[in-house]
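*Asks:* Sharing a structure with you now.
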Amino acid sequence: MSHYQGILFDLDGTLLDTAPDLGHATNVALAQFGYPPISAAVAAQVSSHGTAGLLRAGMGDHYDRTDIAPIRQALLSAYAANVCQHTTLYAGVAELIEWLDDEGIPWGIVTNKPEALTTPLLTYFPQFANRSCTVSGDTCGVAKPDPTPMFYAAKQIGVAPADILYIGDAERDVLAGNNANMTTVAALWGYLSTEDQPQNWPADHHLDNLLQLLQLLRG
């Protein structure tokens, strides 16, 4: 039995590899506005930084000199139309979730992805059916690294923040968990760019894969 009474996860880059679909949507939007596409490798590096990271990767210096709103909307529209064409579970996620369910440990998702995209995406993955909460980027009016979504999720799963382990692949995930007095894991299997320095993130644990996470949970 785990000594953590509840588990919360980030979504993109932590449970799901969404970069292929996010990259495709980004390239649809960039093409509409005359910019060259980004590669799959670049999409995988910047997807944790949301639409800003994706568009900045494609637009370069033009990003800061351009009205981003219409390009961002084009990206979101393209993504909503193809939210799960090539998205997959990371290796080990299904086994981890099955173990949590078997152990009766409540778990949930806290993501900065907007609810209008989160909810349709999750319907493609029956492995997530027993989650105790889904907190999206617009659920609480503020997003990570603000701790408000974390406190809300803790209430939803019925576990005190100090007894929760939060796993995410971005520095804001670590900061959000720390700000809520949760134990934090930096998911090094996620979307890390060459500019990220996860070794310097103030996480309690830095893990390379989900097998290591399962070993941590088993104590």
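Every chain in the structure tokens has a letter given in the order shown (A, B, ...), and although residue numbers restart at 1 in each chain, ligands are simply numbered from 1 in the order shown.
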Quick one: residues within 7 Å of Tyr166 (chain A), only C-alpha atoms counted, chain neighbours fewer than 3 positions away excluded, as a PyMOL selection string?
*Replies:* chain A and resi 7-9+177+182-185
*Asks:* I'd like the neighbourhood of Gln73 (chain A) as a VMD selection string, where a residue qualifies if any of its atoms comes within 12 Å (using only C-alpha atoms), though same-chain residues fewer than 6 positions away should be ignored.
*Replies:* chain A and resid 25 to 26 28 to 30 32 to 33 51 to 52 55 67 79 to 80
*Asks:* Would you put the residues from that selection into a file with N, CA and C atoms, as a PDB file, in the first residue's frame?
*Replies:*
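Written out: selection03.pdb:
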ATOM      1  N   ALA A  25      -1.770  20.369 -35.478  1.00  0.00           N
ATOM      2  CA  ALA A  25      -2.646  21.540 -35.400  1.00  0.00           C
ATOM      3  C   ALA A  25      -1.844  22.828 -35.527  1.00  0.00           C
ATOM      4  N   THR A  26      -0.659  22.840 -34.927  1.00  0.00           N
ATOM      5  CA  THR A  26       0.202  24.019 -35.033  1.00  0.00           C
ATOM      6  C   THR A  26       0.587  24.277 -36.480  1.00  0.00           C
ATOM      7  N   VAL A  28      -1.023  23.357 -39.184  1.00  0.00           N
ATOM      8  CA  VAL A  28      -2.198  23.843 -39.919  1.00  0.00           C
ATOM      9  C   VAL A  28      -2.336  25.349 -39.745  1.00  0.00           C
ATOM     10  N   ALA A  29      -2.209  25.808 -38.496  1.00  0.00           N
ATOM     11  CA  ALA A  29      -2.349  27.239 -38.217  1.00  0.00           C
ATOM     12  C   ALA A  29      -1.208  28.042 -38.829  1.00  0.00           C
ATOM     13  N   LEU A  30       0.015  27.554 -38.698  1.00  0.00           N
ATOM     14  CA  LEU A  30       1.157  28.279 -39.256  1.00  0.00           C
ATOM     15  C   LEU A  30       1.026  28.409 -40.766  1.00  0.00           C
ATOM     16  N   GLN A  32      -1.675  28.529 -42.539  1.00  0.00           N
ATOM     17  CA  GLN A  32      -2.726  29.489 -42.861  1.00  0.00           C
ATOM     18  C   GLN A  32      -2.207  30.921 -42.855  1.00  0.00           C
ATOM     19  N   PHE A  33      -1.188  31.171 -42.046  1.00  0.00           N
ATOM     20  CA  PHE A  33      -0.672  32.529 -41.908  1.00  0.00           C
ATOM     21  C   PHE A  33       0.718  32.698 -42.516  1.00  0.00           C
ATOM     22  N   THR A  51       0.071  26.640 -26.386  1.00  0.00           N
ATOM     23  CA  THR A  51       0.021  27.279 -27.696  1.00  0.00           C
ATOM     24  C   THR A  51       1.123  28.316 -27.863  1.00  0.00           C
ATOM     25  N   ALA A  52       1.471  28.977 -26.778  1.00  0.00           N
ATOM     26  CA  ALA A  52       2.536  29.988 -26.868  1.00  0.00           C
ATOM     27  C   ALA A  52       3.854  29.343 -27.272  1.00  0.00           C
ATOM     28  N   LEU A  55       3.585  28.036 -31.025  1.00  0.00           N
ATOM     29  CA  LEU A  55       3.608  29.095 -32.041  1.00  0.00           C
ATOM     30  C   LEU A  55       4.933  29.849 -32.043  1.00  0.00           C
ATOM     31  N   ASP A  67      -0.041  39.987 -33.818  1.00  0.00           N
ATOM     32  CA  ASP A  67      -1.284  39.697 -33.103  1.00  0.00           C
ATOM     33  C   ASP A  67      -1.492  38.181 -33.137  1.00  0.00           C
ATOM     34  N   TYR A  79      -6.892  21.726 -33.678  1.00  0.00           N
ATOM     35  CA  TYR A  79      -6.682  20.691 -32.669  1.00  0.00           C
ATOM     36  C   TYR A  79      -8.012  20.085 -32.223  1.00  0.00           C
ATOM     37  N   ALA A  80      -9.016  20.921 -32.003  1.00  0.00           N
ATOM     38  CA  ALA A  80     -10.325  20.418 -31.583  1.00  0.00           C
ATOM     39  C   ALA A  80     -10.921  19.483 -32.628  1.00  0.00           C
TER      40      ALA A  80
END
*Asks:* Give the alpha helix (DSSP H) residues of region 131-176 of chain A, as assigned by DSSP on the backbone, as a ChimeraX atom specification.
*Replies:* /A:148-157,171-176
*Asks:* Which residue out of A:Gly13, A:Pro161, A:Pro36, A:Pro202 has the minimum interatomic distance to Pro147 (chain A) when only C-alpha atoms are used?
*Replies:* A:Pro161
*Asks:* What gap, in Å, lies between CA of Glu115 (chain A) and CA of Thr134 (chain A)?
*Replies:*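 Distance reported for this atom pair: 8.8 Å.
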*Asks:* Give the answer as one residue: which of A:Ala153, A:Val142, A:Leu89, A:Ala19 has the shortest atom-to-atom distance to Val46 (chain A), using only C-alpha atoms?
*Replies:*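 For Val46 (chain A), the nearest of the given residues is A:Ala19.
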*Asks:* If you measure from CA of Glu98 (chain A) to CA of Val110 (chain A), what distance in Å do you get, rounded to one decimal?
*Replies:*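 One can read the CA of Glu98 (chain A) to CA of Val110 (chain A) distance as 18.9 Å.
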*Asks:* So, counting only C-alpha atoms, which residue among A:Val83, A:Ile38, A:Ala176, A:Leu96 is closest to Gln215 (chain A)?
*Replies:*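 Among the listed residues, the smallest separation from Gln215 (chain A) belongs to A:Leu96.
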*Asks:* Provide the CA of Leu213 (chain A) to CA of Pro145 (chain A) distance in Å, to one decimal place.
*Replies:*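 Separation between CA of Leu213 (chain A) and CA of Pro145 (chain A): 22.0 Å.
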*Asks:* Fewer than 4 positions away in the same chain doesn't count, so skip those; otherwise give me all residues within 8 Å of Lys144 (chain A), counting only C-alpha atoms, as a ChimeraX atom specification.
*Replies:* /A:111-112,137,148-149,172-173,175-176
*Asks:* Could you write those residues out with N, CA and C atoms, as an mmCIF file, in the first residue's frame?
*Replies:*
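Written output follows (result.cif):
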data_model
loop_
_atom_site.group_PDB
_atom_site.id
_atom_site.type_symbol
_atom_site.label_atom_id
_atom_site.label_comp_id
_atom_site.auth_asym_id
_atom_site.auth_seq_id
_atom_site.Cartn_x
_atom_site.Cartn_y
_atom_site.Cartn_z
ATOM 1 N N THR A 111 -4.720 19.744 -15.284
ATOM 2 C CA THR A 111 -4.054 20.156 -16.514
ATOM 3 C C THR A 111 -4.350 21.621 -16.805
ATOM 4 N N ASN A 112 -3.475 22.257 -17.555
ATOM 5 C CA ASN A 112 -3.753 23.613 -18.029
ATOM 6 C C ASN A 112 -4.484 23.618 -19.367
ATOM 7 N N GLY A 137 -7.581 23.823 -17.240
ATOM 8 C CA GLY A 137 -6.954 25.129 -17.064
ATOM 9 C C GLY A 137 -7.926 26.252 -16.787
ATOM 10 N N THR A 148 -4.434 27.166 -6.724
ATOM 11 C CA THR A 148 -5.889 27.035 -6.596
ATOM 12 C C THR A 148 -6.421 25.757 -7.238
ATOM 13 N N PRO A 149 -6.029 25.423 -8.481
ATOM 14 C CA PRO A 149 -6.517 24.164 -9.056
ATOM 15 C C PRO A 149 -6.084 22.936 -8.264
ATOM 16 N N ARG A 172 6.193 24.501 -14.007
ATOM 17 C CA ARG A 172 4.988 25.052 -13.373
ATOM 18 C C ARG A 172 4.212 23.971 -12.624
ATOM 19 N N ASP A 173 4.316 22.716 -13.063
ATOM 20 C CA ASP A 173 3.672 21.624 -12.343
ATOM 21 C C ASP A 173 4.308 21.444 -10.972
ATOM 22 N N LEU A 175 6.021 23.678 -9.314
ATOM 23 C CA LEU A 175 5.742 24.853 -8.496
ATOM 24 C C LEU A 175 4.314 24.820 -7.960
ATOM 25 N N ALA A 176 3.365 24.409 -8.807
ATOM 26 C CA ALA A 176 1.970 24.337 -8.367
ATOM 27 C C ALA A 176 1.816 23.342 -7.226
#
*Asks:* Give me the residues within 12 Å of region 40-42 of chain A as a list of chain:residue names, counting only C-alpha atoms and dropping any in the same chain fewer than 3 places off.
*Replies:* A:Asp17, A:Thr18, A:Ala19, A:Pro20, A:Asp21, A:Leu22, A:Gly23, A:His24, A:Ala25, A:Thr26, A:Asn27, A:Pro37, A:Gln45, A:Val46, A:Ser47, A:Ser48, A:His49, A:Gly53, A:Leu54, A:Leu55, A:Arg56, A:Ala57, A:Gly58, A:His86, A:Tyr191, A:Leu192, A:Ser193, A:Thr194
*Asks:* Would you put the residues from that selection into a file with N, CA and C atoms, as a PDB file, in the first residue's frame?
*Replies:*
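Contents of part_5.pdb, as written:
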ATOM      1  N   ASP A  17       0.930  11.248 -24.620  1.00  0.00           N
ATOM      2  CA  ASP A  17       1.812  11.872 -25.612  1.00  0.00           C
ATOM      3  C   ASP A  17       0.928  12.536 -26.661  1.00  0.00           C
ATOM      4  N   THR A  18       0.616  13.794 -26.429  1.00  0.00           N
ATOM      5  CA  THR A  18      -0.277  14.558 -27.305  1.00  0.00           C
ATOM      6  C   THR A  18       0.473  15.369 -28.350  1.00  0.00           C
ATOM      7  N   ALA A  19       1.793  15.365 -28.299  1.00  0.00           N
ATOM      8  CA  ALA A  19       2.584  16.222 -29.185  1.00  0.00           C
ATOM      9  C   ALA A  19       2.319  15.988 -30.672  1.00  0.00           C
ATOM     10  N   PRO A  20       2.105  14.750 -31.126  1.00  0.00           N
ATOM     11  CA  PRO A  20       1.839  14.578 -32.562  1.00  0.00           C
ATOM     12  C   PRO A  20       0.598  15.350 -33.035  1.00  0.00           C
ATOM     13  N   ASP A  21      -0.473  15.324 -32.254  1.00  0.00           N
ATOM     14  CA  ASP A  21      -1.681  16.046 -32.655  1.00  0.00           C
ATOM     15  C   ASP A  21      -1.540  17.541 -32.444  1.00  0.00           C
ATOM     16  N   LEU A  22      -0.852  17.940 -31.384  1.00  0.00           N
ATOM     17  CA  LEU A  22      -0.617  19.371 -31.165  1.00  0.00           C
ATOM     18  C   LEU A  22       0.281  19.935 -32.261  1.00  0.00           C
ATOM     19  N   GLY A  23       1.298  19.175 -32.651  1.00  0.00           N
ATOM     20  CA  GLY A  23       2.181  19.629 -33.716  1.00  0.00           C
ATOM     21  C   GLY A  23       1.454  19.767 -35.035  1.00  0.00           C
ATOM     22  N   HIS A  24       0.580  18.808 -35.343  1.00  0.00           N
ATOM     23  CA  HIS A  24      -0.194  18.884 -36.583  1.00  0.00           C
ATOM     24  C   HIS A  24      -1.078  20.122 -36.588  1.00  0.00           C
ATOM     25  N   ALA A  25      -1.770  20.369 -35.478  1.00  0.00           N
ATOM     26  CA  ALA A  25      -2.646  21.540 -35.400  1.00  0.00           C
ATOM     27  C   ALA A  25      -1.844  22.828 -35.527  1.00  0.00           C
ATOM     28  N   THR A  26      -0.659  22.840 -34.927  1.00  0.00           N
ATOM     29  CA  THR A  26       0.202  24.019 -35.033  1.00  0.00           C
ATOM     30  C   THR A  26       0.587  24.277 -36.480  1.00  0.00           C
ATOM     31  N   ASN A  27       0.925  23.231 -37.203  1.00  0.00           N
ATOM     32  CA  ASN A  27       1.343  23.388 -38.591  1.00  0.00           C
ATOM     33  C   ASN A  27       0.187  23.813 -39.490  1.00  0.00           C
ATOM     34  N   PRO A  37       6.383  25.016 -41.257  1.00  0.00           N
ATOM     35  CA  PRO A  37       5.983  24.075 -40.216  1.00  0.00           C
ATOM     36  C   PRO A  37       7.100  23.827 -39.207  1.00  0.00           C
ATOM     37  N   GLN A  45       9.264  18.909 -27.908  1.00  0.00           N
ATOM     38  CA  GLN A  45      10.038  19.680 -26.932  1.00  0.00           C
ATOM     39  C   GLN A  45       9.222  20.811 -26.309  1.00  0.00           C
ATOM     40  N   VAL A  46       8.309  21.392 -27.060  1.00  0.00           N
ATOM     41  CA  VAL A  46       7.660  22.624 -26.597  1.00  0.00           C
ATOM     42  C   VAL A  46       6.189  22.460 -26.243  1.00  0.00           C
ATOM     43  N   SER A  47       5.630  21.279 -26.398  1.00  0.00           N
ATOM     44  CA  SER A  47       4.193  21.119 -26.178  1.00  0.00           C
ATOM     45  C   SER A  47       3.768  21.447 -24.752  1.00  0.00           C
ATOM     46  N   SER A  48       4.641  21.248 -23.784  1.00  0.00           N
ATOM     47  CA  SER A  48       4.279  21.573 -22.401  1.00  0.00           C
ATOM     48  C   SER A  48       4.109  23.073 -22.194  1.00  0.00           C
ATOM     49  N   HIS A  49       4.608  23.859 -23.120  1.00  0.00           N
ATOM     50  CA  HIS A  49       4.469  25.310 -23.007  1.00  0.00           C
ATOM     51  C   HIS A  49       3.222  25.818 -23.729  1.00  0.00           C
ATOM     52  N   GLY A  53       4.196  28.227 -26.634  1.00  0.00           N
ATOM     53  CA  GLY A  53       5.442  27.549 -26.969  1.00  0.00           C
ATOM     54  C   GLY A  53       5.446  27.008 -28.381  1.00  0.00           C
ATOM     55  N   LEU A  54       4.319  26.447 -28.792  1.00  0.00           N
ATOM     56  CA  LEU A  54       4.221  25.884 -30.136  1.00  0.00           C
ATOM     57  C   LEU A  54       4.324  26.955 -31.207  1.00  0.00           C
ATOM     58  N   LEU A  55       3.585  28.036 -31.025  1.00  0.00           N
ATOM     59  CA  LEU A  55       3.608  29.095 -32.041  1.00  0.00           C
ATOM     60  C   LEU A  55       4.933  29.849 -32.043  1.00  0.00           C
ATOM     61  N   ARG A  56       5.498  30.061 -30.887  1.00  0.00           N
ATOM     62  CA  ARG A  56       6.799  30.733 -30.839  1.00  0.00           C
ATOM     63  C   ARG A  56       7.857  29.905 -31.564  1.00  0.00           C
ATOM     64  N   ALA A  57       7.765  28.582 -31.446  1.00  0.00           N
ATOM     65  CA  ALA A  57       8.723  27.718 -32.133  1.00  0.00           C
ATOM     66  C   ALA A  57       8.626  27.868 -33.636  1.00  0.00           C
ATOM     67  N   GLY A  58       7.421  28.088 -34.150  1.00  0.00           N
ATOM     68  CA  GLY A  58       7.230  28.221 -35.584  1.00  0.00           C
ATOM     69  C   GLY A  58       7.431  29.624 -36.117  1.00  0.00           C
ATOM     70  N   HIS A  86      -3.420  10.799 -33.234  1.00  0.00           N
ATOM     71  CA  HIS A  86      -2.159  10.097 -33.017  1.00  0.00           C
ATOM     72  C   HIS A  86      -1.699  10.156 -31.558  1.00  0.00           C
ATOM     73  N   TYR A 191       7.742  16.371 -21.972  1.00  0.00           N
ATOM     74  CA  TYR A 191       8.157  17.319 -23.005  1.00  0.00           C
ATOM     75  C   TYR A 191       9.182  18.296 -22.443  1.00  0.00           C
ATOM     76  N   LEU A 192      10.441  17.986 -22.644  1.00  0.00           N
ATOM     77  CA  LEU A 192      11.529  18.819 -22.154  1.00  0.00           C
ATOM     78  C   LEU A 192      12.316  19.363 -23.336  1.00  0.00           C
ATOM     79  N   SER A 193      12.508  20.659 -23.340  1.00  0.00           N
ATOM     80  CA  SER A 193      13.291  21.278 -24.398  1.00  0.00           C
ATOM     81  C   SER A 193      14.741  21.410 -23.957  1.00  0.00           C
ATOM     82  N   THR A 194      15.582  21.816 -24.889  1.00  0.00           N
ATOM     83  CA  THR A 194      16.992  21.992 -24.562  1.00  0.00           C
ATOM     84  C   THR A 194      17.202  23.134 -23.581  1.00  0.00           C
TER      85      THR A 194
END
*Asks:* Of the candidates A:Cys140, A:Val159, A:Gln199, A:Met150, which shows the shortest atom-to-atom distance to Asn179 (chain A), using only C-alpha atoms?
*Replies:* A:Met150
*Asks:* Can you list every residue in region 81-187 of chain A that DSSP puts in strand (DSSP E), as a PyMOL selection string?
*Replies:* chain A and resi 88-89+107-110+133-135+164-168+183-187
*Asks:* I want to know what sits within 10 Å of region 124-128 of chain A, based on only C-alpha atoms, with residues of the same chain fewer than 2 positions away left out; could you give that as a JSON list (two decimals) with N, CA and C atoms, in the first residue's frame?
*Replies:*
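The result, stored in result28.json:
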[["chain", "number", "residue", "atom", "x", "y", "z"],
["A", 15, "LEU", "N", 0.75, 11.78, -18.77],
["A", 15, "LEU", "CA", -0.03, 10.57, -19.02],
["A", 15, "LEU", "C", -0.15, 10.29, -20.51],
["A", 16, "LEU", "N", -0.32, 11.36, -21.29],
["A", 16, "LEU", "CA", -0.56, 11.21, -22.73],
["A", 16, "LEU", "C", 0.51, 11.91, -23.55],
["A", 83, "VAL", "N", -8.53, 15.93, -32.16],
["A", 83, "VAL", "CA", -7.93, 15.96, -30.83],
["A", 83, "VAL", "C", -7.24, 14.65, -30.47],
["A", 84, "CYS", "N", -7.58, 13.57, -31.16],
["A", 84, "CYS", "CA", -6.95, 12.29, -30.81],
["A", 84, "CYS", "C", -6.78, 11.42, -32.05],
["A", 87, "THR", "N", -2.54, 10.65, -30.67],
["A", 87, "THR", "CA", -2.20, 10.70, -29.23],
["A", 87, "THR", "C", -2.25, 9.31, -28.63],
["A", 88, "THR", "N", -1.28, 9.01, -27.78],
["A", 88, "THR", "CA", -1.19, 7.69, -27.16],
["A", 88, "THR", "C", -0.84, 7.82, -25.68],
["A", 89, "LEU", "N", -1.13, 6.76, -24.95],
["A", 89, "LEU", "CA", -0.67, 6.64, -23.57],
["A", 89, "LEU", "C", 0.84, 6.43, -23.55],
["A", 93, "VAL", "N", 1.54, 3.72, -18.36],
["A", 93, "VAL", "CA", 0.39, 4.43, -17.78],
["A", 93, "VAL", "C", -0.75, 3.47, -17.46],
["A", 94, "ALA", "N", -1.09, 2.60, -18.39],
["A", 94, "ALA", "CA", -2.22, 1.69, -18.17],
["A", 94, "ALA", "C", -1.97, 0.82, -16.94],
["A", 95, "GLU", "N", -0.75, 0.31, -16.80],
["A", 95, "GLU", "CA", -0.43, -0.54, -15.66],
["A", 95, "GLU", "C", -0.48, 0.25, -14.35],
["A", 96, "LEU", "N", 0.01, 1.48, -14.38],
["A", 96, "LEU", "CA", 0.00, 2.32, -13.19],
["A", 96, "LEU", "C", -1.43, 2.63, -12.75],
["A", 97, "ILE", "N", -2.27, 3.02, -13.70],
["A", 97, "ILE", "CA", -3.65, 3.35, -13.37],
["A", 97, "ILE", "C", -4.38, 2.11, -12.85],
["A", 98, "GLU", "N", -4.12, 0.97, -13.46],
["A", 98, "GLU", "CA", -4.75, -0.27, -12.99],
["A", 98, "GLU", "C", -4.34, -0.56, -11.55],
["A", 101, "ASP", "N", -6.19, 1.82, -9.20],
["A", 101, "ASP", "CA", -7.59, 1.41, -9.07],
["A", 101, "ASP", "C", -7.71, 0.17, -8.19],
["A", 107, "TRP", "N", -7.36, 9.09, -7.54],
["A", 107, "TRP", "CA", -6.42, 9.82, -8.39],
["A", 107, "TRP", "C", -7.20, 10.72, -9.34],
["A", 108, "GLY", "N", -6.52, 11.72, -9.84],
["A", 108, "GLY", "CA", -7.18, 12.65, -10.75],
["A", 108, "GLY", "C", -6.18, 13.38, -11.63],
["A", 109, "ILE", "N", -6.71, 14.26, -12.45],
["A", 109, "ILE", "CA", -5.92, 14.99, -13.44],
["A", 109, "ILE", "C", -6.05, 16.48, -13.19],
["A", 119, "THR", "N", -12.00, 17.34, -21.98],
["A", 119, "THR", "CA", -13.09, 16.37, -21.87],
["A", 119, "THR", "C", -13.22, 15.49, -23.11],
["A", 120, "PRO", "N", -13.23, 16.05, -24.33],
["A", 120, "PRO", "CA", -13.30, 15.17, -25.51],
["A", 120, "PRO", "C", -12.11, 14.24, -25.63],
["A", 121, "LEU", "N", -10.92, 14.74, -25.29],
["A", 121, "LEU", "CA", -9.72, 13.90, -25.40],
["A", 121, "LEU", "C", -9.80, 12.69, -24.47],
["A", 122, "LEU", "N", -10.24, 12.89, -23.24],
["A", 122, "LEU", "CA", -10.25, 11.81, -22.26],
["A", 122, "LEU", "C", -11.23, 10.71, -22.61],
["A", 130, "ASN", "N", -12.00, 5.71, -14.07],
["A", 130, "ASN", "CA", -12.17, 5.73, -12.61],
["A", 130, "ASN", "C", -11.50, 6.92, -11.94],
["A", 131, "ARG", "N", -11.08, 7.91, -12.69],
["A", 131, "ARG", "CA", -10.47, 9.08, -12.07],
["A", 131, "ARG", "C", -11.49, 9.79, -11.17],
["A", 132, "SER", "N", -11.00, 10.36, -10.10],
["A", 132, "SER", "CA", -11.87, 11.02, -9.13],
["A", 132, "SER", "C", -12.10, 12.49, -9.44]]
*Asks:* Which one of A:Gly219, A:Pro198, A:Ala91, A:Tyr35 sits closest to Ile71 (chain A) if you count only C-alpha atoms?
*Replies:*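 Result for the nearest residue to Ile71 (chain A): A:Tyr35.
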